[in-house]
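Enquirer: My structure file coords_17.tsv, TSV, C-alpha atoms, is below:
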```
chain	number	residue	atom	x	y	z
A	1	MET	CA	-8.28	-19.56	11.18
A	2	LYS	CA	-11.50	-18.46	9.58
A	3	LYS	CA	-11.69	-15.06	8.01
A	4	ASN	CA	-13.43	-12.70	10.40
A	5	ILE	CA	-16.87	-11.78	9.08
A	6	PHE	CA	-16.60	-8.39	10.73
A	7	PHE	CA	-15.13	-6.77	7.64
A	8	VAL	CA	-17.75	-8.32	5.38
A	9	ALA	CA	-20.47	-6.96	7.62
A	10	LEU	CA	-18.71	-3.61	7.76
A	11	ALA	CA	-18.52	-3.45	3.98
A	12	LEU	CA	-22.23	-4.29	3.67
A	13	LEU	CA	-23.13	-1.70	6.28
A	14	PHE	CA	-21.05	0.90	4.50
A	15	ALA	CA	-22.66	0.06	1.16
A	16	PHE	CA	-26.13	0.36	2.71
A	17	ALA	CA	-25.27	3.70	4.28
A	18	MET	CA	-23.94	4.94	0.96
A	19	LEU	CA	-27.06	4.02	-1.07
A	20	PRO	CA	-28.71	7.46	-0.74
A	21	GLN	CA	-25.47	9.07	-1.90
A	22	PHE	CA	-24.89	6.88	-4.95
A	23	ARG	CA	-27.32	8.96	-6.99
A	24	SER	CA	-25.45	12.14	-6.10
A	25	TYR	CA	-22.14	10.47	-6.95
A	26	GLU	CA	-23.59	9.48	-10.31
A	27	ASP	CA	-24.44	13.13	-10.86
A	28	LYS	CA	-20.85	14.02	-10.01
A	29	ALA	CA	-19.68	11.38	-12.50
A	30	ILE	CA	-21.78	12.90	-15.27
A	31	ARG	CA	-20.36	16.35	-14.51
A	32	ARG	CA	-16.83	14.95	-14.42
A	33	PHE	CA	-17.10	13.28	-17.83
A	34	ALA	CA	-18.70	16.36	-19.36
A	35	LEU	CA	-15.92	18.60	-18.06
A	36	LEU	CA	-13.02	16.27	-18.83
A	37	ASN	CA	-14.19	15.79	-22.42
A	38	LYS	CA	-13.72	19.52	-23.03
A	39	PRO	CA	-10.39	20.77	-24.41
A	40	SER	CA	-7.73	21.38	-21.77
A	41	LYS	CA	-4.00	20.95	-21.32
A	42	GLU	CA	-4.09	20.15	-17.60
A	43	VAL	CA	-4.69	16.87	-15.81
A	44	VAL	CA	-5.55	17.15	-12.11
A	45	VAL	CA	-4.47	14.31	-9.82
A	46	GLY	CA	-5.47	13.91	-6.17
A	47	ILE	CA	-2.99	12.47	-3.66
A	48	CYS	CA	-4.06	10.95	-0.33
A	49	TRP	CA	-1.35	9.77	2.07
A	50	PRO	CA	-0.39	9.99	5.79
A	51	PHE	CA	2.53	12.30	5.00
A	52	SER	CA	3.01	13.73	8.49
A	53	VAL	CA	2.77	10.37	10.25
A	54	ASN	CA	4.86	8.21	7.92
A	55	GLN	CA	7.51	10.83	7.11
A	56	ASP	CA	8.54	8.68	4.16
A	57	GLY	CA	9.64	9.43	0.61
A	58	MET	CA	6.15	9.58	-0.93
A	59	ALA	CA	6.06	13.35	-1.45
A	60	ASP	CA	9.62	13.55	-2.78
A	61	GLY	CA	9.09	10.71	-5.25
A	62	LEU	CA	5.96	12.41	-6.54
A	63	GLN	CA	7.68	15.76	-6.92
A	64	LEU	CA	10.63	14.26	-8.77
A	65	ALA	CA	8.32	12.48	-11.22
A	66	LEU	CA	6.08	15.53	-11.62
A	67	ASP	CA	9.00	17.79	-12.53
A	68	ASP	CA	10.37	15.23	-15.01
A	69	ILE	CA	7.00	14.63	-16.66
A	70	ASN	CA	6.03	18.28	-16.99
A	71	SER	CA	9.44	19.57	-18.05
A	72	HIS	CA	9.97	16.86	-20.69
A	73	ASN	CA	6.39	16.76	-22.00
A	74	LEU	CA	6.00	13.08	-21.09
A	75	ALA	CA	2.19	13.24	-20.76
A	76	GLY	CA	1.62	14.01	-24.43
A	77	GLY	CA	1.22	17.76	-24.18
A	78	TYR	CA	-0.69	17.72	-20.90
A	79	THR	CA	0.61	19.31	-17.70
A	80	LEU	CA	-0.03	17.39	-14.49
A	81	ARG	CA	-1.18	19.23	-11.36
A	82	LEU	CA	-1.28	17.52	-7.99
A	83	ILE	CA	-3.70	18.21	-5.13
A	84	LYS	CA	-2.04	16.66	-2.07
A	85	ARG	CA	-3.93	15.84	1.11
A	86	ASP	CA	-2.53	14.42	4.37
A	87	ASP	CA	-4.97	11.94	5.96
A	88	GLY	CA	-2.83	11.51	9.09
A	89	PHE	CA	-4.38	8.06	9.72
A	90	ASP	CA	-7.50	9.98	10.78
A	91	ALA	CA	-10.75	8.27	9.73
A	92	ASN	CA	-12.71	11.53	9.51
A	93	LYS	CA	-10.03	13.17	7.40
A	94	GLN	CA	-9.90	10.14	5.13
A	95	LYS	CA	-13.64	10.34	4.48
A	96	ARG	CA	-13.54	14.09	3.87
A	97	ILE	CA	-10.66	13.74	1.42
A	98	ALA	CA	-12.43	11.01	-0.56
A	99	ARG	CA	-15.57	13.15	-0.80
A	100	GLU	CA	-13.56	16.24	-1.72
A	101	PHE	CA	-11.89	14.38	-4.57
A	102	ALA	CA	-15.24	12.99	-5.74
A	103	ASP	CA	-16.60	16.56	-5.73
A	104	THR	CA	-13.68	17.88	-7.81
A	105	ALA	CA	-15.09	17.55	-11.31
A	106	GLU	CA	-11.83	18.48	-13.04
A	107	MET	CA	-9.93	15.66	-11.28
A	108	SER	CA	-9.05	12.63	-13.42
A	109	ALA	CA	-7.26	10.35	-10.97
A	110	VAL	CA	-6.30	9.73	-7.36
A	111	ILE	CA	-2.97	8.22	-6.28
A	112	GLY	CA	-2.29	6.92	-2.82
A	113	TYR	CA	-3.87	5.17	0.14
A	114	TYR	CA	-1.45	3.55	2.53
A	115	ASP	CA	-4.09	1.99	4.77
A	116	ASP	CA	-6.52	-0.64	3.50
A	117	GLY	CA	-9.63	0.38	5.46
A	118	PRO	CA	-10.01	3.90	4.04
A	119	ALA	CA	-8.89	2.65	0.63
A	120	ILE	CA	-11.80	0.20	0.55
A	121	GLN	CA	-14.28	2.94	1.45
A	122	ALA	CA	-12.79	5.39	-1.03
A	123	SER	CA	-12.86	2.83	-3.84
A	124	SER	CA	-16.69	2.72	-3.71
A	125	ILE	CA	-16.88	6.51	-3.75
A	126	PHE	CA	-14.46	6.83	-6.65
A	127	GLU	CA	-16.13	4.07	-8.64
A	128	SER	CA	-19.52	5.77	-8.27
A	129	SER	CA	-18.12	9.16	-9.22
A	130	ARG	CA	-16.04	7.69	-12.09
A	131	LEU	CA	-12.64	8.71	-10.77
A	132	LEU	CA	-9.55	6.64	-11.53
A	133	HIS	CA	-8.20	5.14	-8.32
A	134	LEU	CA	-4.51	4.29	-8.64
A	135	LEU	CA	-3.55	2.38	-5.48
A	136	ILE	CA	0.13	2.27	-4.55
A	137	GLY	CA	-0.01	0.98	-0.96
A	138	ALA	CA	-3.26	-0.76	0.05
A	139	ASN	CA	-3.06	-4.54	-0.36
A	140	ASN	CA	-6.44	-5.99	0.67
A	141	THR	CA	-7.13	-9.01	-1.53
A	142	ASP	CA	-10.84	-8.34	-2.08
A	143	MET	CA	-10.52	-4.75	-3.29
A	144	THR	CA	-10.23	-5.70	-6.93
A	145	SER	CA	-12.78	-8.54	-6.85
A	146	HIS	CA	-15.94	-6.44	-7.35
A	147	GLY	CA	-15.68	-5.79	-11.07
A	148	PHE	CA	-14.81	-2.12	-10.58
A	149	ASN	CA	-13.65	-0.32	-13.72
A	150	TYR	CA	-11.79	2.56	-12.09
A	151	ILE	CA	-9.37	0.84	-9.71
A	152	ASN	CA	-5.81	-0.16	-10.60
A	153	ARG	CA	-3.21	-1.31	-8.11
A	154	THR	CA	0.55	-0.87	-8.55
A	155	VAL	CA	1.35	-2.93	-5.45
A	156	LEU	CA	0.93	-6.66	-4.84
A	157	SER	CA	-2.30	-7.84	-3.22
A	158	SER	CA	-2.15	-9.49	0.21
A	159	ASP	CA	-2.75	-13.01	-1.11
A	160	ARG	CA	0.27	-12.79	-3.42
A	161	ILE	CA	2.42	-11.23	-0.71
A	162	ALA	CA	1.37	-13.88	1.81
A	163	MET	CA	2.22	-16.80	-0.47
A	164	ARG	CA	5.73	-15.44	-0.90
A	165	LEU	CA	6.08	-14.87	2.85
A	166	ALA	CA	4.98	-18.44	3.55
A	167	LYS	CA	7.58	-19.70	1.07
A	168	ILE	CA	10.28	-17.61	2.76
A	169	THR	CA	9.20	-18.97	6.14
A	170	ALA	CA	9.53	-22.55	4.91
A	171	GLU	CA	12.85	-21.92	3.16
A	172	ARG	CA	14.36	-20.47	6.33
A	173	GLY	CA	13.37	-23.53	8.34
A	174	PHE	CA	10.70	-22.08	10.63
A	175	ARG	CA	8.05	-24.65	11.57
A	176	LYS	CA	6.14	-23.36	14.63
A	177	ILE	CA	4.64	-19.94	14.01
A	178	VAL	CA	2.90	-17.41	16.22
A	179	VAL	CA	0.55	-15.22	14.17
A	180	ILE	CA	-0.50	-11.81	15.51
A	181	TRP	CA	-2.64	-9.46	13.48
A	182	GLU	CA	-4.19	-6.04	13.66
A	183	GLU	CA	-7.99	-6.06	13.49
A	184	ASP	CA	-8.28	-4.15	10.24
A	185	ALA	CA	-8.59	-4.78	6.53
A	186	TYR	CA	-4.81	-5.08	6.08
A	187	GLY	CA	-3.65	-6.97	9.14
A	188	GLU	CA	-6.41	-9.57	9.19
A	189	ASP	CA	-6.37	-10.26	5.46
A	190	LEU	CA	-2.59	-10.70	5.35
A	191	ALA	CA	-2.60	-12.95	8.44
A	192	TYR	CA	-5.35	-15.13	6.96
A	193	GLN	CA	-3.65	-15.41	3.59
A	194	TYR	CA	-0.31	-16.14	5.27
A	195	GLN	CA	-1.80	-19.06	7.16
A	196	VAL	CA	-3.33	-20.37	3.94
A	197	GLY	CA	0.20	-20.30	2.54
A	198	LEU	CA	1.65	-22.01	5.61
A	199	ASP	CA	-0.83	-24.86	5.15
A	200	GLN	CA	0.69	-25.58	1.76
A	201	TYR	CA	4.06	-26.16	3.45
A	202	ASN	CA	2.57	-28.19	6.33
A	203	ILE	CA	3.61	-25.49	8.79
A	204	SER	CA	1.36	-24.89	11.76
A	205	ALA	CA	0.33	-21.77	13.63
A	206	VAL	CA	0.86	-22.72	17.27
A	207	TYR	CA	-0.62	-19.52	18.70
A	208	GLN	CA	-2.87	-16.76	17.32
A	209	SER	CA	-3.90	-13.39	18.69
A	210	SER	CA	-5.29	-10.07	17.45
A	211	TYR	CA	-5.27	-6.49	18.69
A	212	SER	CA	-6.96	-3.16	17.98
A	213	ARG	CA	-4.93	-0.18	16.82
A	214	LYS	CA	-7.15	2.11	18.88
A	215	ASN	CA	-6.92	0.10	22.09
A	216	PHE	CA	-3.90	-2.13	22.48
A	217	ASP	CA	-1.85	-3.32	25.43
A	218	PHE	CA	0.75	-5.97	24.67
A	219	ARG	CA	1.91	-6.66	28.23
A	220	LEU	CA	-0.20	-9.78	28.78
A	221	LEU	CA	0.41	-11.06	25.24
A	222	VAL	CA	4.19	-10.84	25.33
A	223	ASN	CA	4.32	-12.59	28.70
A	224	GLU	CA	2.09	-15.39	27.43
A	225	LEU	CA	4.32	-15.78	24.38
A	226	LYS	CA	7.27	-16.58	26.65
A	227	MET	CA	5.43	-19.84	27.45
A	228	VAL	CA	4.71	-20.75	23.81
A	229	ASP	CA	6.99	-23.21	21.98
A	230	ALA	CA	7.48	-21.26	18.76
A	231	ASP	CA	10.42	-20.48	16.50
A	232	LEU	CA	8.95	-17.40	14.75
A	233	ILE	CA	6.45	-14.62	15.48
A	234	PHE	CA	4.70	-13.23	12.42
A	235	PHE	CA	3.35	-9.75	13.15
A	236	SER	CA	0.71	-8.65	10.63
A	237	GLY	CA	0.26	-5.00	11.47
A	238	LEU	CA	1.44	-1.51	10.68
A	239	GLU	CA	3.87	0.85	12.30
A	240	PRO	CA	4.15	2.50	14.77
A	241	VAL	CA	2.13	-0.02	16.83
A	242	ALA	CA	4.44	-2.76	15.58
A	243	GLY	CA	7.29	-0.85	17.20
A	244	ASP	CA	5.44	-0.87	20.52
A	245	PHE	CA	5.03	-4.65	20.25
A	246	LEU	CA	8.74	-5.14	19.59
A	247	ARG	CA	9.70	-2.94	22.52
A	248	GLN	CA	7.34	-4.75	24.92
A	249	ALA	CA	8.42	-8.19	23.69
A	250	ARG	CA	12.12	-7.56	24.21
A	251	LYS	CA	11.50	-5.77	27.51
A	252	VAL	CA	10.11	-8.98	29.07
A	253	GLY	CA	12.93	-11.09	27.62
A	254	LEU	CA	11.07	-12.70	24.71
A	255	LYS	CA	13.79	-13.86	22.33
A	256	THR	CA	11.73	-15.52	19.56
A	257	PRO	CA	12.60	-14.07	16.11
A	258	ILE	CA	10.00	-11.58	14.87
A	259	PHE	CA	9.02	-11.27	11.20
A	260	GLY	CA	6.79	-8.28	10.51
A	261	ALA	CA	4.61	-6.71	7.85
A	262	PHE	CA	5.63	-3.22	8.95
A	263	ALA	CA	7.80	-0.69	7.13
A	264	ASN	CA	11.06	0.93	8.20
A	265	THR	CA	9.63	4.39	8.95
A	266	PRO	CA	10.94	7.01	11.41
A	267	GLN	CA	8.00	6.33	13.72
A	268	MET	CA	8.64	2.60	13.63
A	269	ARG	CA	12.26	3.15	14.64
A	270	ALA	CA	11.28	5.62	17.38
A	271	HIS	CA	8.67	3.33	18.94
A	272	ALA	CA	10.78	0.17	18.76
A	273	GLY	CA	14.02	1.74	19.99
A	274	SER	CA	16.82	-0.76	20.61
A	275	ALA	CA	14.29	-3.62	20.33
A	276	TYR	CA	14.31	-3.06	16.57
A	277	GLU	CA	17.64	-4.86	16.38
A	278	GLY	CA	17.22	-8.31	14.81
A	279	ALA	CA	13.67	-7.73	13.59
A	280	MET	CA	12.89	-9.04	10.10
A	281	PHE	CA	10.48	-7.38	7.69
A	282	PHE	CA	9.72	-7.42	4.00
A	283	GLN	CA	9.83	-4.58	1.53
A	284	LEU	CA	8.44	-4.21	-1.97
A	285	TYR	CA	11.43	-2.26	-3.28
A	286	ASN	CA	15.20	-2.66	-3.35
A	287	SER	CA	17.04	0.63	-3.83
A	288	ARG	CA	20.18	-1.33	-4.75
A	289	SER	CA	18.59	-2.95	-7.79
A	290	LEU	CA	20.92	-2.70	-10.79
A	291	SER	CA	18.19	-2.19	-13.37
A	292	PRO	CA	18.83	0.87	-15.58
A	293	GLU	CA	15.47	2.37	-14.58
A	294	ASN	CA	16.21	2.11	-10.88
A	295	GLN	CA	19.77	3.34	-11.21
A	296	LEU	CA	18.55	6.44	-13.03
A	297	PHE	CA	15.88	7.05	-10.40
A	298	VAL	CA	18.24	6.55	-7.45
A	299	ASN	CA	20.84	8.88	-8.93
A	300	LYS	CA	18.27	11.61	-9.58
A	301	PHE	CA	16.69	11.19	-6.16
A	302	PHE	CA	20.01	11.28	-4.32
A	303	ALA	CA	21.20	14.29	-6.31
A	304	ARG	CA	18.10	16.27	-5.31
A	305	TYR	CA	17.44	15.10	-1.76
A	306	GLY	CA	20.81	13.86	-0.50
A	307	ARG	CA	19.51	10.46	0.56
A	308	TYR	CA	18.48	7.16	-0.98
A	309	PRO	CA	14.82	6.56	-1.86
A	310	ASP	CA	12.55	4.25	0.08
A	311	THR	CA	9.68	2.05	-1.11
A	312	TRP	CA	7.13	4.85	-1.18
A	313	ALA	CA	9.38	7.21	-3.08
A	314	ALA	CA	9.75	4.56	-5.78
A	315	GLN	CA	6.07	3.61	-5.72
A	316	SER	CA	4.83	7.19	-6.07
A	317	TYR	CA	7.42	8.00	-8.74
A	318	ASP	CA	6.42	4.99	-10.83
A	319	ALA	CA	2.68	5.56	-10.34
A	320	LEU	CA	2.85	9.07	-11.75
A	321	TYR	CA	4.87	7.82	-14.71
A	322	ILE	CA	2.31	5.03	-15.33
A	323	LEU	CA	-0.46	7.63	-15.30
A	324	ALA	CA	1.46	9.97	-17.61
A	325	ARG	CA	2.05	7.08	-20.01
A	326	ALA	CA	-1.70	6.35	-20.11
A	327	ILE	CA	-2.49	10.03	-20.71
A	328	LYS	CA	-0.01	10.21	-23.57
A	329	SER	CA	-1.18	6.99	-25.23
A	330	THR	CA	-4.88	7.93	-25.09
A	331	GLY	CA	-4.61	11.70	-25.52
A	332	SER	CA	-7.38	11.84	-22.94
A	333	ARG	CA	-8.16	13.08	-19.42
A	334	ASN	CA	-11.14	10.73	-19.14
A	335	PRO	CA	-10.68	8.36	-16.14
A	336	LEU	CA	-12.15	5.35	-17.94
A	337	ASP	CA	-9.83	5.81	-20.91
A	338	LEU	CA	-6.89	6.03	-18.51
A	339	SER	CA	-7.95	3.01	-16.46
A	340	TYR	CA	-8.29	0.76	-19.50
A	341	ALA	CA	-5.03	2.06	-20.95
A	342	ILE	CA	-3.23	1.02	-17.76
A	343	ARG	CA	-4.86	-2.41	-17.60
A	344	TYR	CA	-4.35	-3.35	-21.23
A	345	SER	CA	-1.01	-1.71	-22.00
A	346	ASP	CA	2.29	-3.49	-22.45
A	347	ALA	CA	4.47	-3.93	-19.37
A	348	PHE	CA	6.11	-0.80	-17.96
A	349	ASN	CA	9.59	-1.00	-16.47
A	350	GLY	CA	9.95	1.51	-13.68
A	351	ALA	CA	12.23	2.23	-10.75
A	352	ASN	CA	10.51	-0.50	-8.76
A	353	GLY	CA	10.61	-3.14	-11.45
A	354	ARG	CA	8.10	-4.42	-13.98
A	355	TYR	CA	4.44	-3.40	-13.94
A	356	LYS	CA	1.92	-5.53	-15.82
A	357	PHE	CA	-1.75	-5.54	-14.90
A	358	ASP	CA	-4.54	-8.06	-15.26
A	359	ARG	CA	-8.08	-7.26	-16.39
A	360	ALA	CA	-9.20	-6.54	-12.82
A	361	GLY	CA	-6.49	-3.91	-12.38
A	362	ASN	CA	-4.22	-6.07	-10.22
A	363	LEU	CA	-0.46	-6.06	-10.51
A	364	GLU	CA	0.43	-9.48	-11.85
A	365	ASP	CA	3.77	-10.24	-10.24
A	366	LYS	CA	6.73	-8.76	-8.36
A	367	PRO	CA	9.45	-9.96	-6.00
A	368	LEU	CA	9.60	-9.33	-2.26
A	369	PHE	CA	12.76	-8.38	-0.37
A	370	LEU	CA	13.49	-9.68	3.14
A	371	TYR	CA	15.46	-7.39	5.47
A	372	VAL	CA	16.82	-7.68	8.99
A	373	ILE	CA	17.88	-4.83	11.27
A	374	ARG	CA	21.59	-5.12	12.07
A	375	HIS	CA	23.40	-2.43	14.02
A	376	GLY	CA	20.39	-0.20	13.55
A	377	ARG	CA	20.28	-0.50	9.76
A	378	PRO	CA	18.18	-2.65	7.40
A	379	VAL	CA	20.25	-5.35	5.67
A	380	LEU	CA	18.91	-7.31	2.69
A	381	ILE	CA	19.09	-11.04	3.46
A	382	GLN	CA	16.83	-12.60	0.82
```
How does this structure look as structure tokens?
Expert:
Amino acid sequence: MKKNIFFVALALLFAFAMLPQFRSYEDKAIRRFALLNKPSKEVVVGICWPFSVNQDGMADGLQLALDDINSHNLAGGYTLRLIKRDDGFDANKQKRIAREFADTAEMSAVIGYYDDGPAIQASSIFESSRLLHLLIGANNTDMTSHGFNYINRTVLSSDRIAMRLAKITAERGFRKIVVIWEEDAYGEDLAYQYQVGLDQYNISAVYQSSYSRKNFDFRLLVNELKMVDADLIFFSGLEPVAGDFLRQARKVGLKTPIFGAFANTPQMRAHAGSAYEGAMFFQLYNSRSLSPENQLFVNKFFARYGRYPDTWAAQSYDALYILARAIKSTGSRNPLDLSYAIRYSDAFNGANGRYKFDRAGNLEDKPLFLYVIRHGRPVLIQ
């Protein structure tokens, strides 16, 4: 499969449309640096996430870290203040939030972005306005390939994820793969990189198809798949649409195992219903890890919220700690100081494992965890 040039064209079109605004963003950058170089004991951090849609642990992980950091003076005398915005997977909201954060001269950093498309757009805005962009969810491979100074990613990029998924596929004996992907910056990139990985194991994709999140109907697809000789369906797309696919597939009697790139969110469970049973998916966090850092985090999280943390609780918790560590080590609110401190610092061991960054701001390495739904619950199988 060739990488669809649509996203390249889209990126070029977006860059062209943004040209008249780059000068104004440069003005915002100058104002930001001037303000942040003045004495202050507060660091302002923007948060962008689909809180209401995902209903995950993102907000709770942030709050737990924020209280710890501020109460124990872990940011070197600075107090962190969060400005949280819910993008609701709404493109217009996502653009407004990015521009609002760029306009907020006292803001030093932004944490968030679950979806790759808006993250790509926001990264250009934040780079131009000199605002640290700390990504905890978006995986698109190309995001950190433009020489940007203000982007750092605490989650694995799609190419690294895909190579591990291809290895898991081979190890579990699957040889004939159906690949389905969402036509966006996440789904398409991961599907492409996954097939690159499959090639290394001489595994073939026997059927390929794509869909649009805004206009999808899986009825024809799932019926066609009943006629395809495959032993695994790889679904490269987000919830809750992934749940709709599962429900439609099982409704028509399709029994091929399904391995997805979705997360175990309330909406995913609601849309999939009983069809969720037997589905496999990967996660970037294991709440049962026995590392001292994770055990401490899990105990604190459970004591406060009465439940175990999910991936996004751990990711947000660690991201705020990584930022606080950079603030303390530099004694600065300046986004460039903080970005370089994160990239060039020693490894940080957090709730979700070890964080070490390369010079482009990419996370160097981390394990993946394979789960299957059994009796309605996710069970770690690899």
Enquirer: Between CA of Val43 in chain A and CA of Glu127 in chain A, what is the spacing in Å?
Expert: 18.6 Å
Enquirer: Show me, as a PDB file with C-alpha atoms, in the frame of the given file, the residues that have an atom within 9 Å of range 225-234 of chain A when counting all atoms listed in the file, minus same-chain residues fewer than 2 positions from it.
Expert:
```pdb
ATOM      1  CA  THR A 169       9.200 -18.970   6.140  1.00  0.00           C
ATOM      2  CA  PHE A 174      10.700 -22.080  10.630  1.00  0.00           C
ATOM      3  CA  ARG A 175       8.050 -24.650  11.570  1.00  0.00           C
ATOM      4  CA  LYS A 176       6.140 -23.360  14.630  1.00  0.00           C
ATOM      5  CA  ILE A 177       4.640 -19.940  14.010  1.00  0.00           C
ATOM      6  CA  VAL A 178       2.900 -17.410  16.220  1.00  0.00           C
ATOM      7  CA  VAL A 179       0.550 -15.220  14.170  1.00  0.00           C
ATOM      8  CA  ILE A 180      -0.500 -11.810  15.510  1.00  0.00           C
ATOM      9  CA  TRP A 181      -2.640  -9.460  13.480  1.00  0.00           C
ATOM     10  CA  ALA A 191      -2.600 -12.950   8.440  1.00  0.00           C
ATOM     11  CA  ALA A 205       0.330 -21.770  13.630  1.00  0.00           C
ATOM     12  CA  VAL A 206       0.860 -22.720  17.270  1.00  0.00           C
ATOM     13  CA  TYR A 207      -0.620 -19.520  18.700  1.00  0.00           C
ATOM     14  CA  LEU A 220      -0.200  -9.780  28.780  1.00  0.00           C
ATOM     15  CA  LEU A 221       0.410 -11.060  25.240  1.00  0.00           C
ATOM     16  CA  VAL A 222       4.190 -10.840  25.330  1.00  0.00           C
ATOM     17  CA  ASN A 223       4.320 -12.590  28.700  1.00  0.00           C
ATOM     18  CA  SER A 236       0.710  -8.650  10.630  1.00  0.00           C
ATOM     19  CA  ALA A 249       8.420  -8.190  23.690  1.00  0.00           C
ATOM     20  CA  VAL A 252      10.110  -8.980  29.070  1.00  0.00           C
ATOM     21  CA  GLY A 253      12.930 -11.090  27.620  1.00  0.00           C
ATOM     22  CA  LEU A 254      11.070 -12.700  24.710  1.00  0.00           C
ATOM     23  CA  LYS A 255      13.790 -13.860  22.330  1.00  0.00           C
ATOM     24  CA  THR A 256      11.730 -15.520  19.560  1.00  0.00           C
ATOM     25  CA  PRO A 257      12.600 -14.070  16.110  1.00  0.00           C
ATOM     26  CA  ILE A 258      10.000 -11.580  14.870  1.00  0.00           C
ATOM     27  CA  PHE A 259       9.020 -11.270  11.200  1.00  0.00           C
ATOM     28  CA  GLY A 260       6.790  -8.280  10.510  1.00  0.00           C
ATOM     29  CA  ALA A 261       4.610  -6.710   7.850  1.00  0.00           C
TER      30      ALA A 261
END
```
Enquirer: Quote the spacing between CA of His271 in chain A and CA of Arg247 in chain A in Å to one decimal place.
Expert: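 Value for the CA of His271 in chain A-CA of Arg247 in chain A distance: 7.3 Å.
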Enquirer: List as JSON lines every residue of range 142-193 of chain A that is in contact with range 283-296 of chain A, defined as an atom at most 12 Å from one of its atoms (using all atoms listed in the file), together with the nearest atom pair and the distance in Å rounded to one decimal, sorted by chain and then rising number.
Expert:
```
{"residue": "A:Thr154", "atom": "CA", "partner": "A:Leu284", "partner_atom": "CA", "distance": 10.8}
{"residue": "A:Val155", "atom": "CA", "partner": "A:Leu284", "partner_atom": "CA", "distance": 8.0}
{"residue": "A:Leu156", "atom": "CA", "partner": "A:Leu284", "partner_atom": "CA", "distance": 8.4}
{"residue": "A:Ser157", "atom": "CA", "partner": "A:Leu284", "partner_atom": "CA", "distance": 11.4}
{"residue": "A:Arg160", "atom": "CA", "partner": "A:Leu284", "partner_atom": "CA", "distance": 11.9}
{"residue": "A:Ile161", "atom": "CA", "partner": "A:Leu284", "partner_atom": "CA", "distance": 9.3}
{"residue": "A:Arg164", "atom": "CA", "partner": "A:Leu284", "partner_atom": "CA", "distance": 11.6}
{"residue": "A:Leu165", "atom": "CA", "partner": "A:Gln283", "partner_atom": "CA", "distance": 11.0}
```
Enquirer: Calculate how many Å separate CA of Glu26 in chain A from CA of Ala360 in chain A, rounding to one decimal.
Expert: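 Answer for the CA of Glu26 in chain A to CA of Ala360 in chain A separation: 21.7 Å.
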Enquirer: Closest to Asn54 in chain A among A:Arg354, A:Arg307, A:His375, A:Arg269, using all atoms listed in the file?
Expert: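 Closest residue, counting all atoms listed in the file: A:Arg269.
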Enquirer: Please enclose the listed atoms of range 163-179 of chain A in an axis-aligned box, pad each side by 4 Å, and write out the centre and the three edge lengths in Å, rounded to one decimal, as JSON.
Expert:
```
{"center_x": 7.5, "center_y": -19.8, "center_z": 7.7, "size_x": 21.8, "size_y": 17.8, "size_z": 25.1}
```
Enquirer: Of the candidates A:Lys356, A:Lys41, A:Lys300, A:Lys366, which one gets nearest to Ala65 in chain A if we count only C-alpha atoms?
Expert: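 Comparing A:Lys356, A:Lys41, A:Lys300, A:Lys366 against Ala65 in chain A, the winner is A:Lys300.
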Enquirer: Which of these, A:Gln193, A:Gln248, A:Asn334, A:Ser129, has the shortest distance to Thr141 in chain A once you count all atoms listed in the file?
Expert: A:Gln193
Enquirer: Can you tell me which residues surround Phe297 in chain A at a distance of at most 9 Å, considering only C-alpha atoms, apart from same-chain residues fewer than 6 positions away, and format the answer as JSON, numbers by chain?
Expert: {"A": [309, 314, 317, 350, 351]}
Enquirer: Determine, counting only C-alpha atoms, which protein, DNA and RNA residues have an atom within 12 Å of an atom of Gln94 in chain A; residues of the same chain fewer than 3 positions away are not included. Present the result as a list of chain:residue names.
Expert: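 In the requested format, the answer is A:Ile47, A:Cys48, A:Trp49, A:Pro50, A:Arg85, A:Asp86, A:Asp87, A:Gly88, A:Phe89, A:Asp90, A:Ala91, A:Ile97, A:Ala98, A:Arg99, A:Glu100, A:Phe101, A:Gly112, A:Tyr113, A:Tyr114, A:Asp115, A:Asp116, A:Gly117, A:Pro118, A:Ala119, A:Ile120, A:Gln121, A:Ala122, A:Ser123, A:Ile125.
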